[in-house]
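Undergrad: Structure incoming, see below.
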Amino acid sequence: MLEFDVSYARPFLPANWLSSRLDGLTEARQLLENGEGLGGEFTGWVDLPRSYDREEVHRVLQTARIIRRQSEVLIVVGIGGSYLGARALLELLTSPNYNLTCRRSPQIFFTGNTLSSDAMTELLDYVQDKDFSVNVVSKSGSTTESAIAFFLFRQLLEEKYGREGARDRIFVTTDRTEGTLRALANQEGYATFSIPRDIGGRYSVLTPAGLLPLAVAGVEISGILDGAAAAMARLRRPGQDNPAWQYAAARNALYDQGKTIEILAGYEPHLRAFGEWWKQLFGESEGKDGKGVFPASVEFTTDLHSMGQYIQEGKRDLFETVVRFTIPQSSCLLDPAPEDPSGLGYLRGRDLRFVNEQARQGTVLAHVAGGVPNLLLTVPERTPHWAGQLVYFFEYACGLSGYLSGVNPFNQPGVEAYKTNMFALLGKPGYEQRKDDLPPALHP
Ligand code: PA5
């Protein structure tokens with residue numbers, strides 16, 4: 001099982017950091033379980049590892065085989081929760097260099113998560129002479145970034161393969177019945193997958209939103225779902241030995257001590273994209289009503305040479321949560337002669353993994369001494385099963401944590417502010433009044 005260790009944060013926590021929060025956690029758990037809290041209509045993910053649609057997952061696997069057969073490249077169109085989970089688990093379970101190392105699987109590029117014309121043009125050019133398929137993921141079906149990217153890639157598919165041929169290469173993941181994308185898919189006869197109505201974007205990685213791209217990459221998605229189910233069975237049980245309760249309580253207590261920034265740290269580049277998923281999960285769930293721990297992420301030891309100085313000696317409002325894997329997947333033995341000019345003779349016979357572990361231990365000690373509490377999450381292996389456990393752990397802890405701090409963990413009203421201004425500036429029908437309200441200097 002995942003192990004959560006608070007010992008390197010204890011000097012910064014009051015003795016009652018957990019006991020004083022047990023009533024709040026009991027209540028938060030109740031709200032998650034009965035769906036009666038704020039945003040309770042979006043708690044479908046709590047039971048998902050047990051109640052997911054088996055038939056649809058079977059179809060995901062069949063479709064992945066088709067995409068693998070017919071494509072050199074899969075373009076995944078989506079933003080926020082509609083791509084971060086897929087990308088996080090793809091990089092965690094394969095490699096951040098997946099597109100260089102995949103041999104028997106299509107390359108996978110994520111787009112629709114930016115409005116950069118340079119990035120878009122680059123990718124459109126890249127697939128121009130390749131066989132490619134598109135998986136567009138949007139629960140609402142109307143998000144501007146993904147709608148634009150889908151429009152452009154659909155256009156290219158139709159130019160290349162004709163309307164009929166494009167139809168066999170477009171796979172839509174959206175709401176079961178509603179939205180522009182669902183209507184378009186029905187009209188054109190595209191293959192579709194559903195994001196359940198009661199699961200919001202950032203909790204959707206275990207739905208086809210995450211599972212289809214992962215299956216195309218050859219990731220064993222049944223292992224992910226099994227891992228999530230195992231975590232669910234443990235974490236839904238109440239009690240102070242529950243690691244999700246401990247994590248939610250510890251971060252809540254640290255926040256009360258003025259530690260308002262949490263840094264997720266890993267010692268594997270494979271966790272880089274996972275950090276982006278985790279930031280969205282906690283940032284969008286908790287950052288509202290003037291509250292919330294600000295989520296950041298770093299990759300060690302890389303960022304010890306960029307962010308390390310600040311973490312060690314900057315403003316003391318930080319804490320770290322370190323994710324560590326214990327069972328190695330590979331070995332890289334160092335074998336310099338004692339007199340080797342590299343000066344690395346003292347490492348003779350050591351595995352690089354050992355060096356990385358000493359770096360981790362040295363860093364924890366230094367950061368704690370520098371005033372940065374460390375929480376440690378130990379995961380046995382970087383496998384689908386443990387990735388599923390990790391996802392569910394953070395989702396469940398985030399739900400608890402949101403309710404513990406008194407916010408609705410399942411809405412994101414703040415995301416609308418930039419959209420409303422952007423639509424007004426773009427002249428989208430219905431936003432004329434808003435444009436008149438903007439300061440004149442901002443008018444195009
Ligand atoms: O977590 C969320 O709900 C958001 O990040 C959404 O996933 C994001 O805004 C994309 O929305 P949609 O899937 O409707 O295109």
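How things are named: the first chain in the structure tokens is A, the next is B, and so on; residues count from 1 in each chain; ligands count from 1 in the order shown.
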Which residues form the shell of 9 Å around ligand 1 when you count only C-alpha atoms and all ligand atoms, given as a PyMOL selection string?
TA: chain A and resi 78-84+113+137-147+173-175+195+199-204+209+280-281+284-285+410-412+415
Undergrad: Emit the selected residues as a compact mmCIF listing (two decimals), in the first residue's frame, including N, CA, C and O atoms.
TA:
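Final output, part_11.txt:
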```
# COMPACT_ATOMS: atom_id res chain seq x y z
N GLY A 78 -7.51 18.47 -26.06
CA GLY A 78 -8.22 18.68 -24.80
C GLY A 78 -7.42 19.62 -23.92
O GLY A 78 -6.22 19.80 -24.12
N ILE A 79 -8.09 20.21 -22.95
CA ILE A 79 -7.41 21.16 -22.05
C ILE A 79 -7.82 20.87 -20.61
O ILE A 79 -8.88 20.28 -20.36
N GLY A 80 -6.99 21.28 -19.66
CA GLY A 80 -7.30 21.10 -18.23
C GLY A 80 -7.49 19.63 -17.93
O GLY A 80 -6.70 18.77 -18.33
N GLY A 81 -8.56 19.34 -17.24
CA GLY A 81 -8.85 17.96 -16.86
C GLY A 81 -9.07 17.04 -18.05
O GLY A 81 -9.05 15.82 -17.90
N SER A 82 -9.23 17.61 -19.22
CA SER A 82 -9.45 16.78 -20.40
C SER A 82 -8.16 16.40 -21.11
O SER A 82 -8.21 15.87 -22.23
N TYR A 83 -7.00 16.69 -20.49
CA TYR A 83 -5.76 16.12 -21.02
C TYR A 83 -4.69 15.86 -19.95
O TYR A 83 -3.85 14.98 -20.12
N LEU A 84 -4.77 16.59 -18.84
CA LEU A 84 -3.66 16.50 -17.88
C LEU A 84 -3.50 15.11 -17.28
O LEU A 84 -2.38 14.62 -17.09
N ASN A 113 -4.60 22.65 -25.89
CA ASN A 113 -4.37 23.17 -24.54
C ASN A 113 -3.61 24.50 -24.60
O ASN A 113 -3.01 24.93 -23.63
N VAL A 137 -11.28 15.43 -26.63
CA VAL A 137 -11.84 15.21 -25.29
C VAL A 137 -12.33 16.54 -24.75
O VAL A 137 -11.54 17.48 -24.55
N SER A 138 -13.62 16.66 -24.55
CA SER A 138 -14.17 17.88 -23.93
C SER A 138 -15.51 17.53 -23.33
O SER A 138 -16.43 17.13 -24.05
N LYS A 139 -15.61 17.67 -22.02
CA LYS A 139 -16.86 17.28 -21.38
C LYS A 139 -17.99 18.22 -21.79
O LYS A 139 -19.07 17.79 -22.17
N SER A 140 -17.70 19.52 -21.73
CA SER A 140 -18.73 20.49 -22.11
C SER A 140 -18.94 20.49 -23.62
O SER A 140 -20.01 20.79 -24.11
N GLY A 141 -17.86 20.20 -24.33
CA GLY A 141 -17.94 20.20 -25.79
C GLY A 141 -17.86 21.59 -26.39
O GLY A 141 -18.03 21.75 -27.60
N SER A 142 -17.58 22.59 -25.56
CA SER A 142 -17.59 23.95 -26.11
C SER A 142 -16.38 24.77 -25.68
O SER A 142 -16.39 25.99 -25.81
N THR A 143 -15.36 24.13 -25.14
CA THR A 143 -14.19 24.89 -24.69
C THR A 143 -13.43 25.43 -25.90
O THR A 143 -13.13 24.68 -26.85
N THR A 144 -13.13 26.73 -25.87
CA THR A 144 -12.60 27.40 -27.07
C THR A 144 -11.30 26.77 -27.57
O THR A 144 -11.14 26.51 -28.76
N GLU A 145 -10.35 26.56 -26.65
CA GLU A 145 -9.04 26.04 -27.07
C GLU A 145 -9.19 24.71 -27.80
O GLU A 145 -8.62 24.49 -28.87
N SER A 146 -9.96 23.79 -27.20
CA SER A 146 -10.08 22.47 -27.83
C SER A 146 -10.96 22.54 -29.07
O SER A 146 -10.71 21.81 -30.05
N ALA A 147 -11.99 23.41 -29.06
CA ALA A 147 -12.85 23.51 -30.25
C ALA A 147 -12.03 23.98 -31.46
O ALA A 147 -12.18 23.47 -32.57
N THR A 173 -14.64 12.05 -27.05
CA THR A 173 -14.94 11.75 -25.65
C THR A 173 -15.61 12.97 -25.05
O THR A 173 -14.98 14.04 -24.96
N THR A 174 -16.87 12.84 -24.68
CA THR A 174 -17.64 14.01 -24.23
C THR A 174 -18.81 13.55 -23.37
O THR A 174 -18.90 12.37 -23.00
N ASP A 175 -19.68 14.49 -23.04
CA ASP A 175 -20.88 14.16 -22.28
C ASP A 175 -21.74 13.15 -23.07
O ASP A 175 -21.73 13.14 -24.29
N ILE A 195 -17.91 10.89 -20.79
CA ILE A 195 -17.45 11.30 -19.46
C ILE A 195 -18.72 11.43 -18.62
O ILE A 195 -19.59 12.24 -18.96
N ILE A 199 -18.94 13.45 -13.03
CA ILE A 199 -17.48 13.49 -12.82
C ILE A 199 -16.92 14.71 -13.56
O ILE A 199 -17.03 14.82 -14.78
N GLY A 200 -16.29 15.60 -12.79
CA GLY A 200 -15.71 16.81 -13.39
C GLY A 200 -14.37 16.50 -14.05
O GLY A 200 -13.75 15.47 -13.79
N GLY A 201 -13.92 17.41 -14.87
CA GLY A 201 -12.72 17.21 -15.68
C GLY A 201 -11.51 16.73 -14.89
O GLY A 201 -10.86 15.74 -15.24
N ARG A 202 -11.19 17.41 -13.79
CA ARG A 202 -9.94 17.07 -13.09
C ARG A 202 -10.04 15.77 -12.31
O ARG A 202 -9.03 15.30 -11.77
N TYR A 203 -11.24 15.18 -12.25
CA TYR A 203 -11.39 13.87 -11.61
C TYR A 203 -11.68 12.78 -12.66
O TYR A 203 -12.17 11.71 -12.33
N SER A 204 -11.38 13.09 -13.94
CA SER A 204 -11.87 12.21 -15.00
C SER A 204 -10.82 11.28 -15.61
O SER A 204 -11.09 10.62 -16.61
N ALA A 209 -11.69 9.61 -20.89
CA ALA A 209 -10.87 10.81 -21.12
C ALA A 209 -9.39 10.48 -20.94
O ALA A 209 -8.54 10.93 -21.71
N GLN A 280 -3.38 21.00 -11.01
CA GLN A 280 -4.74 21.36 -11.41
C GLN A 280 -5.75 20.81 -10.41
O GLN A 280 -6.70 21.47 -10.01
N LEU A 281 -5.53 19.54 -10.01
CA LEU A 281 -6.47 18.90 -9.08
C LEU A 281 -6.65 19.74 -7.83
O LEU A 281 -7.77 20.10 -7.45
N GLU A 284 -7.48 23.92 -8.67
CA GLU A 284 -8.84 24.24 -9.10
C GLU A 284 -9.86 23.80 -8.05
O GLU A 284 -10.96 24.36 -7.98
N SER A 285 -9.51 22.80 -7.25
CA SER A 285 -10.47 22.32 -6.24
C SER A 285 -10.49 23.21 -5.01
O SER A 285 -11.54 23.43 -4.41
N PHE A 410 -15.53 20.99 -6.21
CA PHE A 410 -15.89 20.45 -7.53
C PHE A 410 -16.37 21.50 -8.53
O PHE A 410 -16.86 21.15 -9.59
N ASN A 411 -16.24 22.78 -8.17
CA ASN A 411 -16.57 23.79 -9.18
C ASN A 411 -15.30 24.58 -9.52
O ASN A 411 -14.24 24.37 -8.92
N GLN A 412 -15.39 25.46 -10.49
CA GLN A 412 -14.24 26.29 -10.88
C GLN A 412 -14.75 27.61 -11.44
O GLN A 412 -14.47 27.97 -12.58
N VAL A 415 -12.60 30.28 -13.39
CA VAL A 415 -12.06 30.07 -14.74
C VAL A 415 -12.83 30.91 -15.76
O VAL A 415 -12.33 31.20 -16.85
```
Undergrad: Just list the residues in segment 15-247 of chain A DSSP gives strand (DSSP E) on the backbone, as a list in words.
TA: Val73, Leu74, Ile75, Val76, Val77, Gln107, Ile108, Phe109, Phe110, Thr111, Phe132, Ser133, Val134, Asn135, Val136, Val137, Ile170, Phe171, Val172, Thr173, Thr174, Ala191, Thr192, Phe193 and Ser194 of chain A
Undergrad: From the list A:Asp131, A:Tyr52, A:Leu404, A:Ala185, which residue is nearest Tyr161 of chain A when using only C-alpha atoms?
TA: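 Comparing A:Asp131, A:Tyr52, A:Leu404, A:Ala185 against Tyr161 of chain A, the winner is A:Asp131.
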Undergrad: From the list A:Arg176, A:Arg169, A:Arg316, A:Lys291, which residue is nearest Ile67 of chain A when using only C-alpha atoms?
TA: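 Closest residue, counting only C-alpha atoms: A:Arg169.
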Undergrad: Please, which residues of segment 1-176 of chain A, numbered as in this document, come out alpha helix (DSSP H) from DSSP, as an MDAnalysis selection string?
TA: chainID A and resid 22:34 48:51 54:70 84:93 98:101 117:127 144:167
Undergrad: Need to verify the contact set: segment 257-259 of chain A, 12 Å, only C-alpha atoms, exclusion of same-chain residues closer than 3 positions in sequence. Can you return it as an NGL selection string?
TA: :A and (9 or 11-14 or 17 or 250-254 or 262-263 or 292-295 or 315-320 or 371-374)
Undergrad: Do you know which residues are at most 9 Å from Val57 of chain A counting only C-alpha atoms, after dropping those on the same chain fewer than 5 positions away, and could you put them as a ChimeraX atom specification?
TA: /A:52,62,207-208,211-212,221-222
Undergrad: Write out as a ChimeraX atom specification each polymer residue whose atoms come within 12 Å of Gln246 of chain A, counting only C-alpha atoms; drop sequence neighbours fewer than 6 positions from it.
TA: /A:3-7,9,16-22,25,235,238-240,252-254,375-377,393-394,396-398,400-401
Undergrad: Show which residues sit within 10 Å of segment 122-126 of chain A, as a PyMOL selection string. Count only C-alpha atoms, and ignore same-chain residues fewer than 3 positions away.
TA: chain A and resi 73+75+109-111+117-119+129-130+149+152-153+156
Undergrad: Generate a file of the selected residues that holds C-alpha atoms, formatted as a PDB file, in the first residue's frame.
TA:
```pdb
ATOM      1  CA  VAL A  73       0.386   9.583 -34.579  1.00  0.00           C
ATOM      2  CA  ILE A  75      -3.513  13.728 -31.658  1.00  0.00           C
ATOM      3  CA  PHE A 109       0.749  14.637 -29.039  1.00  0.00           C
ATOM      4  CA  PHE A 110      -1.500  16.704 -26.793  1.00  0.00           C
ATOM      5  CA  THR A 111      -2.982  19.845 -28.290  1.00  0.00           C
ATOM      6  CA  SER A 117      -0.498  29.643 -33.432  1.00  0.00           C
ATOM      7  CA  ASP A 118       3.188  28.646 -33.527  1.00  0.00           C
ATOM      8  CA  ALA A 119       2.534  25.477 -31.536  1.00  0.00           C
ATOM      9  CA  ASP A 129       2.470  13.555 -44.210  1.00  0.00           C
ATOM     10  CA  LYS A 130       1.704  11.038 -41.438  1.00  0.00           C
ATOM     11  CA  ALA A 149      -7.752  22.654 -32.345  1.00  0.00           C
ATOM     12  CA  LEU A 152      -8.133  22.528 -37.520  1.00  0.00           C
ATOM     13  CA  PHE A 153      -7.220  18.847 -37.200  1.00  0.00           C
ATOM     14  CA  LEU A 156      -6.736  18.424 -42.129  1.00  0.00           C
TER      15      LEU A 156
END
```
